[in-house]
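Structure file run.csv (CSV, C-alpha atoms and all ligand atoms) follows.
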chain,number,residue,atom,x,y,z
A,1,MET,CA,-99.3,24.3,-21.8
A,2,ALA,CA,-103.0,23.8,-20.9
A,3,SER,CA,-105.9,25.3,-19.0
A,4,ILE,CA,-107.0,23.5,-15.9
A,5,VAL,CA,-110.6,23.4,-14.7
A,6,LEU,CA,-112.2,22.0,-11.5
A,7,LYS,CA,-115.9,21.7,-11.4
A,8,ASN,CA,-117.7,21.3,-8.1
A,9,ILE,CA,-114.9,19.2,-6.5
A,10,CYS,CA,-115.6,17.7,-3.0
A,11,LYS,CA,-113.2,15.5,-1.0
A,12,SER,CA,-113.5,14.0,2.5
A,13,TYR,CA,-111.2,12.0,4.6
A,14,ARG,CA,-113.2,9.5,6.7
A,15,ASP,CA,-116.2,11.7,7.7
A,16,SER,CA,-114.6,15.1,7.6
A,17,SER,CA,-115.2,17.2,4.6
A,18,ILE,CA,-111.9,18.8,3.5
A,19,ILE,CA,-112.7,20.3,0.1
A,20,LYS,CA,-116.2,21.7,-0.3
A,21,ASN,CA,-117.6,22.4,-3.8
A,22,VAL,CA,-114.6,24.0,-5.3
A,23,ASP,CA,-114.9,25.5,-8.8
A,24,LEU,CA,-111.8,26.9,-10.4
A,25,ALA,CA,-110.9,27.8,-13.9
A,26,ILE,CA,-107.2,28.4,-14.7
A,27,GLU,CA,-106.4,29.7,-18.1
A,28,ASP,CA,-103.6,28.5,-20.3
A,29,GLY,CA,-100.3,30.1,-19.4
A,30,GLU,CA,-101.7,31.8,-16.3
A,31,CYS,CA,-100.0,31.7,-12.8
A,32,THR,CA,-102.6,31.0,-10.2
A,33,VAL,CA,-101.6,31.2,-6.5
A,34,LEU,CA,-103.6,29.4,-3.8
A,35,VAL,CA,-103.3,31.1,-0.4
A,36,GLY,CA,-104.9,30.5,2.9
A,37,PRO,CA,-104.1,29.4,6.4
A,38,SER,CA,-102.5,26.1,7.2
A,39,GLY,CA,-104.9,23.2,6.9
A,40,CYS,CA,-107.4,25.0,4.6
A,41,GLY,CA,-106.9,22.5,1.8
A,42,LYS,CA,-104.4,24.0,-0.5
A,43,SER,CA,-102.2,20.9,-0.8
A,44,THR,CA,-105.2,18.7,-1.2
A,45,VAL,CA,-106.4,20.8,-4.2
A,46,LEU,CA,-102.9,20.4,-5.8
A,47,ARG,CA,-102.9,16.6,-5.1
A,48,LEU,CA,-106.4,16.3,-6.6
A,49,ILE,CA,-105.2,18.1,-9.8
A,50,CYS,CA,-102.1,16.0,-10.2
A,51,GLY,CA,-104.0,12.7,-9.4
A,52,LEU,CA,-102.4,11.8,-6.1
A,53,GLU,CA,-105.9,12.0,-4.6
A,54,THR,CA,-109.3,11.2,-6.2
A,55,PRO,CA,-112.3,13.5,-5.6
A,56,ASP,CA,-115.5,12.1,-4.1
A,57,SER,CA,-117.4,14.1,-6.6
A,58,GLY,CA,-116.8,16.7,-9.3
A,59,GLU,CA,-114.8,16.9,-12.5
A,60,ILE,CA,-111.2,17.8,-13.4
A,61,TYR,CA,-110.1,18.8,-16.8
A,62,ILE,CA,-106.6,19.5,-18.2
A,63,GLY,CA,-107.0,21.2,-21.5
A,64,ASP,CA,-110.0,19.6,-23.0
A,65,ASN,CA,-109.4,16.2,-21.4
A,66,TYR,CA,-111.5,14.8,-18.5
A,67,VAL,CA,-108.7,13.4,-16.2
A,68,ASN,CA,-110.5,12.0,-13.1
A,69,ASP,CA,-109.6,8.5,-14.2
A,70,ILE,CA,-106.1,9.2,-15.5
A,71,PRO,CA,-103.2,8.3,-13.1
A,72,PRO,CA,-100.7,11.0,-12.1
A,73,ALA,CA,-98.1,9.8,-14.7
A,74,GLY,CA,-100.5,10.3,-17.5
A,75,ARG,CA,-101.6,13.8,-16.7
A,76,GLY,CA,-98.5,15.6,-18.0
A,77,LEU,CA,-98.0,17.8,-14.9
A,78,ALA,CA,-94.8,18.4,-12.9
A,79,MET,CA,-95.0,19.0,-9.2
A,80,VAL,CA,-92.4,20.7,-7.0
A,81,PHE,CA,-92.6,20.2,-3.3
A,82,GLN,CA,-91.2,22.0,-0.3
A,83,SER,CA,-88.9,19.0,0.4
A,84,TYR,CA,-86.8,18.8,-2.7
A,85,ALA,CA,-86.8,15.0,-2.8
A,86,LEU,CA,-83.6,14.7,-4.8
A,87,TYR,CA,-81.9,11.3,-5.2
A,88,PRO,CA,-78.8,11.7,-2.9
A,89,HIS,CA,-76.6,9.2,-4.8
A,90,MET,CA,-77.2,10.9,-8.2
A,91,THR,CA,-75.5,14.0,-9.6
A,92,VAL,CA,-77.5,17.1,-10.4
A,93,PHE,CA,-77.4,16.1,-14.1
A,94,GLU,CA,-78.6,12.6,-13.3
A,95,ASN,CA,-81.4,13.9,-11.0
A,96,MET,CA,-82.6,16.2,-13.8
A,97,ALA,CA,-82.3,13.6,-16.5
A,98,PHE,CA,-84.0,10.8,-14.5
A,99,ALA,CA,-87.6,11.2,-15.6
A,100,LEU,CA,-86.4,11.6,-19.3
A,101,LYS,CA,-84.4,8.4,-19.1
A,102,VAL,CA,-87.4,6.5,-17.7
A,103,ARG,CA,-89.3,7.8,-20.8
A,104,LYS,CA,-86.4,6.5,-22.9
A,105,LEU,CA,-85.6,9.7,-24.7
A,106,LYS,CA,-82.4,9.8,-26.8
A,107,SER,CA,-79.4,10.8,-24.8
A,108,ALA,CA,-78.7,13.9,-27.0
A,109,GLU,CA,-82.3,15.1,-26.4
A,110,ILE,CA,-81.9,14.5,-22.7
A,111,GLU,CA,-78.6,16.4,-22.6
A,112,GLY,CA,-80.0,19.3,-24.5
A,113,ARG,CA,-83.0,19.6,-22.2
A,114,VAL,CA,-81.0,19.3,-19.0
A,115,LEU,CA,-78.5,21.9,-20.2
A,116,LYS,CA,-81.1,24.4,-21.3
A,117,ALA,CA,-83.0,24.1,-18.0
A,118,ALA,CA,-79.7,24.3,-16.0
A,119,GLN,CA,-78.8,27.5,-17.9
A,120,ILE,CA,-82.2,29.1,-17.2
A,121,LEU,CA,-81.8,28.3,-13.5
A,122,LYS,CA,-78.1,29.2,-13.4
A,123,ILE,CA,-77.0,25.9,-12.1
A,124,ASP,CA,-75.1,24.7,-15.3
A,125,HIS,CA,-71.8,24.8,-13.4
A,126,LEU,CA,-73.2,22.4,-10.7
A,127,LEU,CA,-74.2,19.5,-13.0
A,128,GLN,CA,-71.6,17.1,-11.7
A,129,ARG,CA,-72.2,17.7,-8.0
A,130,LYS,CA,-74.2,15.6,-5.6
A,131,PRO,CA,-77.1,17.1,-3.7
A,132,LYS,CA,-75.2,17.1,-0.4
A,133,GLU,CA,-72.6,19.5,-2.1
A,134,LEU,CA,-75.3,22.1,-2.7
A,135,SER,CA,-77.0,24.9,-0.7
A,136,GLY,CA,-80.7,24.8,0.1
A,137,GLY,CA,-81.4,27.3,-2.7
A,138,GLN,CA,-79.4,25.3,-5.2
A,139,ARG,CA,-81.2,22.1,-4.3
A,140,GLN,CA,-84.5,23.8,-4.8
A,141,ARG,CA,-83.3,25.0,-8.3
A,142,VAL,CA,-82.5,21.4,-9.1
A,143,ALA,CA,-85.9,20.3,-8.1
A,144,ILE,CA,-87.4,23.0,-10.3
A,145,GLY,CA,-85.0,22.0,-13.1
A,146,ARG,CA,-86.3,18.4,-12.9
A,147,ALA,CA,-89.8,19.8,-13.5
A,148,ILE,CA,-88.8,22.0,-16.4
A,149,VAL,CA,-87.0,19.3,-18.4
A,150,ARG,CA,-90.3,17.4,-18.6
A,151,ASN,CA,-92.0,20.2,-20.6
A,152,PRO,CA,-95.2,19.7,-18.6
A,153,TYR,CA,-98.6,21.1,-19.4
A,154,ALA,CA,-98.4,22.8,-16.1
A,155,PHE,CA,-96.2,23.2,-13.0
A,156,LEU,CA,-97.7,22.6,-9.6
A,157,PHE,CA,-95.7,24.1,-6.8
A,158,ASP,CA,-96.4,23.3,-3.2
A,159,GLU,CA,-94.7,25.9,-0.9
A,160,PRO,CA,-91.4,25.4,-2.7
A,161,LEU,CA,-89.6,28.2,-0.8
A,162,SER,CA,-90.7,27.6,2.7
A,163,ASN,CA,-87.5,25.8,3.7
A,164,LEU,CA,-85.3,28.7,2.6
A,165,ASP,CA,-84.1,31.6,4.8
A,166,SER,CA,-85.8,34.9,4.2
A,167,ALA,CA,-83.1,36.5,2.0
A,168,LEU,CA,-83.0,33.4,-0.2
A,169,ARG,CA,-86.8,33.3,-0.3
A,170,CYS,CA,-86.8,36.8,-1.7
A,171,GLN,CA,-84.3,36.0,-4.3
A,172,MET,CA,-86.0,32.8,-5.4
A,173,ARG,CA,-89.3,34.6,-5.5
A,174,TYR,CA,-87.9,37.1,-7.9
A,175,GLU,CA,-86.3,34.3,-10.0
A,176,LEU,CA,-89.6,32.3,-10.1
A,177,ALA,CA,-91.3,35.5,-11.4
A,178,ARG,CA,-88.6,35.7,-14.1
A,179,LEU,CA,-89.0,32.0,-14.9
A,180,LYS,CA,-92.8,32.4,-15.2
A,181,ALA,CA,-92.3,35.2,-17.7
A,182,GLN,CA,-89.8,33.2,-19.7
A,183,LEU,CA,-91.5,29.8,-19.8
A,184,LYS,CA,-95.1,31.0,-20.1
A,185,THR,CA,-96.3,27.6,-18.8
A,186,THR,CA,-99.5,27.3,-16.7
A,187,MET,CA,-98.5,27.4,-13.0
A,188,ILE,CA,-100.4,26.6,-9.8
A,189,TYR,CA,-98.5,27.8,-6.8
A,190,VAL,CA,-99.4,27.1,-3.2
A,191,THR,CA,-98.2,29.3,-0.4
A,192,HIS,CA,-99.3,30.7,2.9
A,193,ASP,CA,-97.1,33.7,2.3
A,194,GLN,CA,-99.1,36.6,0.8
A,195,SER,CA,-96.0,38.5,-0.5
A,196,GLU,CA,-95.1,35.5,-2.6
A,197,ALA,CA,-98.6,35.5,-3.9
A,198,MET,CA,-98.6,39.2,-4.7
A,199,THR,CA,-95.3,38.8,-6.6
A,200,LEU,CA,-96.1,35.8,-8.7
A,201,ALA,CA,-99.8,35.6,-9.3
A,202,ASP,CA,-101.8,36.6,-12.3
A,203,LYS,CA,-104.7,35.4,-10.1
A,204,ILE,CA,-104.9,34.7,-6.4
A,205,VAL,CA,-107.4,32.2,-5.0
A,206,VAL,CA,-108.0,32.8,-1.3
A,207,MET,CA,-109.1,29.6,0.5
A,208,ARG,CA,-110.6,29.1,4.0
A,209,ASP,CA,-111.7,25.8,5.5
A,210,GLY,CA,-112.0,23.9,2.2
A,211,ARG,CA,-113.8,26.6,0.3
A,212,ILE,CA,-112.8,29.4,-2.0
A,213,GLU,CA,-113.5,32.8,-0.5
A,214,GLN,CA,-112.5,34.9,-3.4
A,215,ILE,CA,-110.6,34.8,-6.7
A,216,GLY,CA,-109.0,37.9,-8.3
A,217,THR,CA,-105.9,39.7,-9.4
A,218,PRO,CA,-103.6,40.7,-6.5
A,219,LEU,CA,-104.9,44.3,-6.7
A,220,GLU,CA,-108.5,43.3,-7.0
A,221,LEU,CA,-108.2,41.4,-3.8
A,222,TYR,CA,-106.3,44.1,-2.1
A,223,ASP,CA,-108.7,46.9,-3.2
A,224,THR,CA,-112.1,45.1,-3.1
A,225,PRO,CA,-112.0,42.2,-0.7
A,226,THR,CA,-115.3,40.5,-0.5
A,227,ASN,CA,-115.1,40.0,3.3
A,228,MET,CA,-113.0,40.6,6.3
A,229,PHE,CA,-111.1,37.4,6.0
A,230,VAL,CA,-109.7,38.3,2.6
A,231,ALA,CA,-109.2,41.9,3.7
A,232,LYS,CA,-107.0,40.7,6.6
A,233,PHE,CA,-105.2,38.0,4.6
A,234,ILE,CA,-104.1,40.2,1.7
A,235,GLY,CA,-101.7,43.1,2.6
A,236,ALA,CA,-98.2,42.9,4.0
A,237,THR,CA,-99.2,44.6,7.3
A,238,GLU,CA,-102.6,43.3,8.2
A,239,MET,CA,-105.6,45.6,7.9
A,240,ASN,CA,-106.8,47.1,11.2
A,241,ILE,CA,-110.3,46.0,12.2
A,242,LEU,CA,-112.2,47.8,14.9
A,243,PRO,CA,-115.8,47.1,16.1
A,244,ILE,CA,-118.1,50.1,15.6
A,245,SER,CA,-121.7,50.8,16.2
A,246,PHE,CA,-124.2,52.7,14.1
A,247,VAL,CA,-125.4,56.1,15.4
A,248,CYS,CA,-127.4,57.9,12.7
A,249,ASN,CA,-127.6,59.0,9.2
A,250,GLU,CA,-127.0,62.6,8.2
A,251,GLU,CA,-127.6,64.3,4.9
A,252,LYS,CA,-124.6,62.8,3.2
A,253,LEU,CA,-123.0,60.6,5.8
A,254,SER,CA,-123.7,57.6,8.0
A,255,ILE,CA,-122.2,58.1,11.4
A,256,PHE,CA,-120.8,55.3,13.5
A,257,ARG,CA,-118.8,55.3,16.7
A,258,LEU,CA,-115.7,53.5,17.9
A,259,SER,CA,-116.1,51.9,21.3
A,260,ASN,CA,-114.0,54.7,22.8
A,261,GLY,CA,-116.6,57.1,21.5
A,262,ALA,CA,-114.8,58.6,18.5
A,263,PRO,CA,-117.2,59.2,15.6
A,264,ILE,CA,-116.4,57.5,12.3
A,265,SER,CA,-118.3,58.5,9.1
A,266,PHE,CA,-119.0,56.7,5.9
A,267,ARG,CA,-120.6,58.0,2.8
A,268,LEU,CA,-124.4,57.6,3.0
A,269,LYS,CA,-125.7,54.8,0.8
A,270,LYS,CA,-129.4,55.3,0.2
A,271,ASP,CA,-130.2,51.7,-0.3
A,272,VAL,CA,-128.5,50.4,2.8
A,273,GLN,CA,-130.2,50.5,6.3
A,274,TYR,CA,-127.9,50.1,9.3
A,275,SER,CA,-129.2,49.0,12.7
A,276,PRO,CA,-128.1,50.5,16.0
A,277,ASP,CA,-128.5,47.0,17.5
A,278,LYS,CA,-126.0,45.2,15.2
A,279,ARG,CA,-122.3,45.1,15.4
A,280,TYR,CA,-120.2,46.5,12.5
A,281,TYR,CA,-116.5,46.6,11.9
A,282,LEU,CA,-114.3,49.4,10.5
A,283,GLY,CA,-111.4,48.2,8.4
A,284,ILE,CA,-108.5,50.5,7.7
A,285,ARG,CA,-105.2,49.7,6.1
A,286,PRO,CA,-102.1,50.7,8.1
A,287,GLU,CA,-100.9,52.8,5.1
A,288,ASP,CA,-104.2,54.8,5.0
A,289,ILE,CA,-103.9,56.3,8.4
A,290,ASP,CA,-101.9,59.5,8.8
A,291,VAL,CA,-100.5,61.1,11.8
A,292,VAL,CA,-102.0,64.6,11.8
A,293,SER,CA,-101.4,67.8,13.8
A,294,LYS,CA,-103.7,69.0,16.5
A,295,ASP,CA,-105.2,71.8,14.4
A,296,ALA,CA,-105.8,69.7,11.3
A,297,ILE,CA,-109.4,70.3,10.2
A,298,PHE,CA,-109.9,68.7,6.8
A,299,TYR,CA,-109.8,65.0,7.8
A,300,GLY,CA,-113.0,63.0,7.5
A,301,ASN,CA,-112.2,60.9,10.6
A,302,MET,CA,-109.9,61.8,13.4
A,303,PHE,CA,-109.1,60.0,16.6
A,304,GLU,CA,-106.4,59.8,19.2
A,305,GLY,CA,-104.3,57.1,20.8
A,306,GLU,CA,-101.1,56.4,22.6
A,307,LEU,CA,-98.0,55.5,20.6
A,308,SER,CA,-97.1,52.3,22.4
A,309,LEU,CA,-94.3,50.9,20.2
A,310,LEU,CA,-92.4,52.0,17.2
A,311,GLU,CA,-90.8,49.7,14.7
A,312,ASN,CA,-88.4,52.0,12.7
A,313,LEU,CA,-87.6,50.0,9.6
A,314,GLY,CA,-85.2,52.7,8.2
A,315,GLY,CA,-87.1,54.4,5.4
A,316,ASP,CA,-90.4,54.0,7.1
A,317,GLY,CA,-91.9,52.5,10.1
A,318,ILE,CA,-94.8,50.9,11.8
A,319,ALA,CA,-96.4,52.6,14.8
A,320,HIS,CA,-98.4,50.6,17.3
A,321,ILE,CA,-101.2,52.6,18.8
A,322,ALA,CA,-103.2,51.8,21.9
A,323,LEU,CA,-106.7,53.4,21.9
A,324,SER,CA,-108.2,54.5,25.3
A,325,ASN,CA,-110.4,51.3,25.3
A,326,GLY,CA,-107.4,49.1,25.0
A,327,GLN,CA,-107.8,48.3,21.3
A,328,GLN,CA,-104.6,48.2,19.3
A,329,LEU,CA,-104.0,49.4,15.8
A,330,ARG,CA,-101.0,49.7,13.5
A,331,LEU,CA,-100.2,52.4,11.1
A,332,LYS,CA,-97.4,52.8,8.5
A,333,THR,CA,-95.5,56.0,8.8
A,334,LYS,CA,-92.4,57.8,7.6
A,335,ARG,CA,-89.9,57.8,10.4
A,336,ILE,CA,-91.3,59.1,13.7
A,337,VAL,CA,-88.8,60.2,16.3
A,338,SER,CA,-88.9,57.8,19.2
A,339,ASP,CA,-89.4,60.5,21.9
A,340,LYS,CA,-93.1,60.4,20.9
A,341,VAL,CA,-93.4,56.9,22.4
A,342,GLY,CA,-95.7,56.9,25.3
A,343,LYS,CA,-97.4,60.2,24.1
A,344,THR,CA,-100.8,60.7,22.6
A,345,ILE,CA,-100.9,61.2,18.9
A,346,ARG,CA,-103.7,62.3,16.7
A,347,MET,CA,-104.5,60.3,13.6
A,348,GLY,CA,-106.8,60.8,10.6
A,349,PHE,CA,-108.1,59.1,7.5
A,350,GLY,CA,-110.2,60.3,4.6
A,351,ILE,CA,-113.8,59.0,4.6
A,352,ASP,CA,-113.1,57.1,1.3
A,353,LYS,CA,-110.2,55.3,2.8
A,354,SER,CA,-111.9,52.7,5.0
A,355,TYR,CA,-114.0,49.6,4.7
A,356,LEU,CA,-117.2,48.7,6.5
A,357,PHE,CA,-118.0,45.1,7.3
A,358,ASP,CA,-121.2,43.6,8.8
A,359,GLU,CA,-121.3,41.4,11.8
A,360,ASN,CA,-120.7,38.3,9.6
A,361,GLY,CA,-117.6,40.0,8.1
A,362,ASN,CA,-119.1,40.7,4.7
A,363,THR,CA,-118.0,43.9,3.0
A,364,LEU,CA,-120.8,46.5,3.0
A,365,MET,CA,-118.6,49.4,1.8
A,366,GLY,CA,-115.2,49.3,0.2
A,367,ILE,CA,-112.9,51.7,-1.4
A,368,ASN,CA,-112.0,52.2,-5.0
A,369,ARG,CA,-108.4,53.1,-5.4
A,370,ARG,CA,-108.4,53.1,-9.2
A,401,LIG,N1,-104.5,11.8,3.9
A,401,LIG,C1,-105.2,12.5,4.8
A,401,LIG,N2,-106.0,11.9,5.7
A,401,LIG,C2,-106.8,12.6,6.5
A,401,LIG,N3,-106.8,14.0,6.6
A,401,LIG,C3,-106.0,14.6,5.7
A,401,LIG,C4,-105.2,14.0,4.8
A,401,LIG,N4,-104.6,14.9,4.0
A,401,LIG,C5,-104.9,16.1,4.5
A,401,LIG,N5,-105.8,16.0,5.5
A,401,LIG,C6,-106.5,17.1,6.3
A,401,LIG,O1,-107.1,17.9,5.3
A,401,LIG,C7,-106.9,19.3,5.7
A,401,LIG,C8,-106.3,20.1,4.6
A,401,LIG,O2,-105.0,19.7,4.5
A,401,LIG,P1,-104.0,20.3,3.4
A,401,LIG,O3,-104.6,20.3,2.1
A,401,LIG,O4,-102.7,19.7,3.6
A,401,LIG,O5,-103.9,21.9,3.9
A,401,LIG,P2,-102.9,23.0,3.5
A,401,LIG,O6,-102.0,22.6,2.4
A,401,LIG,O7,-103.8,24.2,3.1
A,401,LIG,O8,-102.2,23.3,4.8
A,401,LIG,C9,-106.2,19.3,7.0
A,401,LIG,O9,-107.1,19.4,8.1
A,401,LIG,C10,-105.5,17.9,7.0
A,401,LIG,O10,-105.3,17.5,8.3
A,402,MG,MG,-100.0,22.3,2.4
Can the structure from this file be put into structure tokens for me?
Amino acid sequence: MASIVLKNICKSYRDSSIIKNVDLAIEDGECTVLVGPSGCGKSTVLRLICGLETPDSGEIYIGDNYVNDIPPAGRGLAMVFQSYALYPHMTVFENMAFALKVRKLKSAEIEGRVLKAAQILKIDHLLQRKPKELSGGQRQRVAIGRAIVRNPYAFLFDEPLSNLDSALRCQMRYELARLKAQLKTTMIYVTHDQSEAMTLADKIVVMRDGRIEQIGTPLELYDTPTNMFVAKFIGATEMNILPISFVCNEEKLSIFRLSNGAPISFRLKKDVQYSPDKRYYLGIRPEDIDVVSKDAIFYGNMFEGELSLLENLGGDGIAHIALSNGQQLRLKTKRIVSDKVGKTIRMGFGIDKSYLFDENGNTLMGINRR
């Protein structure tokens, strides 16, 4: 096990800058998940850490060792890719034993390590099979097993579950979480799937366009996103974002207006001046909007919209609402009976349940759930 540190790492391909001044400190035994849209540089960061790419500038440390000049094989890391890359002519046992044979370990030691990893991954009954006799999930376990037997300082996973169907993904996600607790080895895990990130991460790193936007625990990112990008990225059903404009300050509230005219209030912050000429954005999570009755009076913010579509998921549902100006928003509800579709419904949220972003998407006001 080891800590991993990146200091001011930059990387370009030809003249396009791909990784821009990335600083990252991963503690020993921690599971860090890199998330971000496709092409933002997640795989490149992993490849830089394991030595498949060389940074243009900056320093990489594994434990106390400066490793920029050390080739991949000398870094003591094990990488698991989306494509399992198993040797087709070898059995599961031979696939898992291969790297250890190359290292000339004794055969009793090799057998012991392979068997132990196979038991952890529940593939010990498959050791004599060839990859073509395995399901996708089983092949992925073999690929993970091959990493475990090497006792690496850290595991680097690059979207290891994205070839699996959704039921299997869920199951493997759970098993990786169990594995993480059992092995306590440093892990860096890349995914574009935020539920995978929320399940596995001690810390999530949100990337955009080669830069780190924010680092925090899953709940820190969920509760206190630094900007609209992170706010929208974290959360199973995306945060609703609606443009609003500033109207005036009152004694305790700052009043804004949705573009359909509905007033939206935030707590007054004495040190912040809003401008009527600038654009602002209201952020509200789907689970923080309630459907309220016509005579409800205690809500901080209320507005109306037409229920345009209902996804009833069984226990709960997602209601799609069209506002009179054509904007759409989604809210999570208990079941709503479908005869409300096409009708106007009234919604409300408490004034401490929403976010306020400036025109550049930076968070001006957030909520504290804790
Ligand atoms: N070897 C390469 N040569 C040129 N461009 C590359 C190379 N590898 C990656 N890129 C570019 O770098 C960017 C980041 O890629 P990558 O790290 O694979 O993103 P992610 O894993 O987040 O989807 C992409 O725009 C990709 O096209
Ligand atoms: Mg990638």
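As for CA of Asp209 (chain A) and atom C9 of ligand LIG 401 (chain A), they are spaced 8.6 Å apart.
Compared by their closest atoms to ligand MG 402 (chain A), and using only C-alpha atoms and all ligand atoms, the residues A:Val92, A:Leu176, A:Val190, A:Cys50 rank with A:Val190 nearest.
Distances to Thr185 (chain A) were evaluated for A:Gly58, A:Pro37, A:Gly137, A:Pro152 using all atoms listed in the file, and the minimum falls at A:Pro152.
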Contacts with ligand MG 402 (chain A) at most 8 Å, only C-alpha atoms and all ligand atoms counted, listed as a count of residues only: 10
May I have the residues at most 12 Å from (-87.8, 53.2, 3.4) in the file's coordinates, counting all atoms listed in the file, as a PyMOL selection string? chain A and resi 312-318+332-335
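The residue that comes closest to Gly136 (chain A), out of A:Thr91, A:Thr217, A:Gln82, A:Asn151 and on the basis of all atoms listed in the file, is A:Gln82.
Proximity ranking of A:Val80, A:Asp193, A:Glu175, A:Ser245 relative to Ile144 (chain A) places A:Val80 first, based on only C-alpha atoms.
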9 Å contact set for Ile148 (chain A), only C-alpha atoms, chain neighbours under 5 positions out, as a VMD selection string: chain A and resid 78 96 113 to 114 117 143 155 183
Could you take the residues named above and write them with C-alpha atoms, as an mmCIF file, in the frame of the given file?
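Result file result.cif:
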data_model
loop_
_atom_site.group_PDB
_atom_site.id
_atom_site.type_symbol
_atom_site.label_atom_id
_atom_site.label_comp_id
_atom_site.auth_asym_id
_atom_site.auth_seq_id
_atom_site.Cartn_x
_atom_site.Cartn_y
_atom_site.Cartn_z
ATOM 1 C CA ALA A 78 -94.800 18.400 -12.900
ATOM 2 C CA MET A 96 -82.600 16.200 -13.800
ATOM 3 C CA ARG A 113 -83.000 19.600 -22.200
ATOM 4 C CA VAL A 114 -81.000 19.300 -19.000
ATOM 5 C CA ALA A 117 -83.000 24.100 -18.000
ATOM 6 C CA ALA A 143 -85.900 20.300 -8.100
ATOM 7 C CA PHE A 155 -96.200 23.200 -13.000
ATOM 8 C CA LEU A 183 -91.500 29.800 -19.800
#
From the options A:Met239, A:Phe93, A:Arg178, A:Met207, which residue's atoms come nearest to ligand LIG 401 (chain A), counting only C-alpha atoms and all ligand atoms? A:Met207
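Distance check against Thr237 (chain A) using all atoms listed in the file: of A:Gly74, A:Gly350, A:Gly305, A:Pro286, the minimum falls on A:Pro286.
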Selection near Leu6 (chain A), 7 Å with all atoms listed in the file, sequence-local residues under 3 positions removed, as a VMD selection string: chain A and resid 9 22 to 25 59 to 61
Name all residues at most 7 Å from Asn227 (chain A) (count only C-alpha atoms; drop same-chain ones fewer than 3 positions away) and give them as a PyMOL selection string. chain A and resi 230-231+361-363
A straight line from atom O1 of ligand LIG 401 (chain A) to CA of Tyr13 (chain A) spans 7.2 Å
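Using all atoms listed in the file, the contacts of Lys130 (chain A) at a cut-off of 12 Å, with sequence neighbours closer than 3 positions omitted, comprise A:Leu86, A:Tyr87, A:Pro88, A:His89, A:Met90, A:Thr91, A:Val92, A:Phe93, A:Glu94, A:Asn95, A:Met96, A:Leu126, A:Leu127, A:Glu133, A:Leu134, A:Ser135, A:Gln138, A:Arg139, A:Val142.
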Please compute the CA of Val247 (chain A)-CA of Lys343 (chain A) distance, one decimal, in Å. 29.6 Å
Polymer residues at most 8 Å from Ser265 (chain A), all atoms listed in the file, same-chain spacing of 6 or more positions, as a PyMOL selection string: chain A and resi 253-256+300-301+351
Anything within 8 Å of (-108.4, 46.1, -1.7): list those residues as an mmCIF file with C-alpha atoms, in the coordinates of the input, counting all atoms listed in the file and sticking to the file's coordinates.
data_model
loop_
_atom_site.group_PDB
_atom_site.id
_atom_site.type_symbol
_atom_site.label_atom_id
_atom_site.label_comp_id
_atom_site.auth_asym_id
_atom_site.auth_seq_id
_atom_site.Cartn_x
_atom_site.Cartn_y
_atom_site.Cartn_z
ATOM 1 C CA LEU A 219 -104.900 44.300 -6.700
ATOM 2 C CA GLU A 220 -108.500 43.300 -7.000
ATOM 3 C CA LEU A 221 -108.200 41.400 -3.800
ATOM 4 C CA TYR A 222 -106.300 44.100 -2.100
ATOM 5 C CA ASP A 223 -108.700 46.900 -3.200
ATOM 6 C CA THR A 224 -112.100 45.100 -3.100
ATOM 7 C CA PRO A 225 -112.000 42.200 -0.700
ATOM 8 C CA ALA A 231 -109.200 41.900 3.700
ATOM 9 C CA GLY A 366 -115.200 49.300 0.200
ATOM 10 C CA ILE A 367 -112.900 51.700 -1.400
ATOM 11 C CA ASN A 368 -112.000 52.200 -5.000
ATOM 12 C CA ARG A 369 -108.400 53.100 -5.400
#
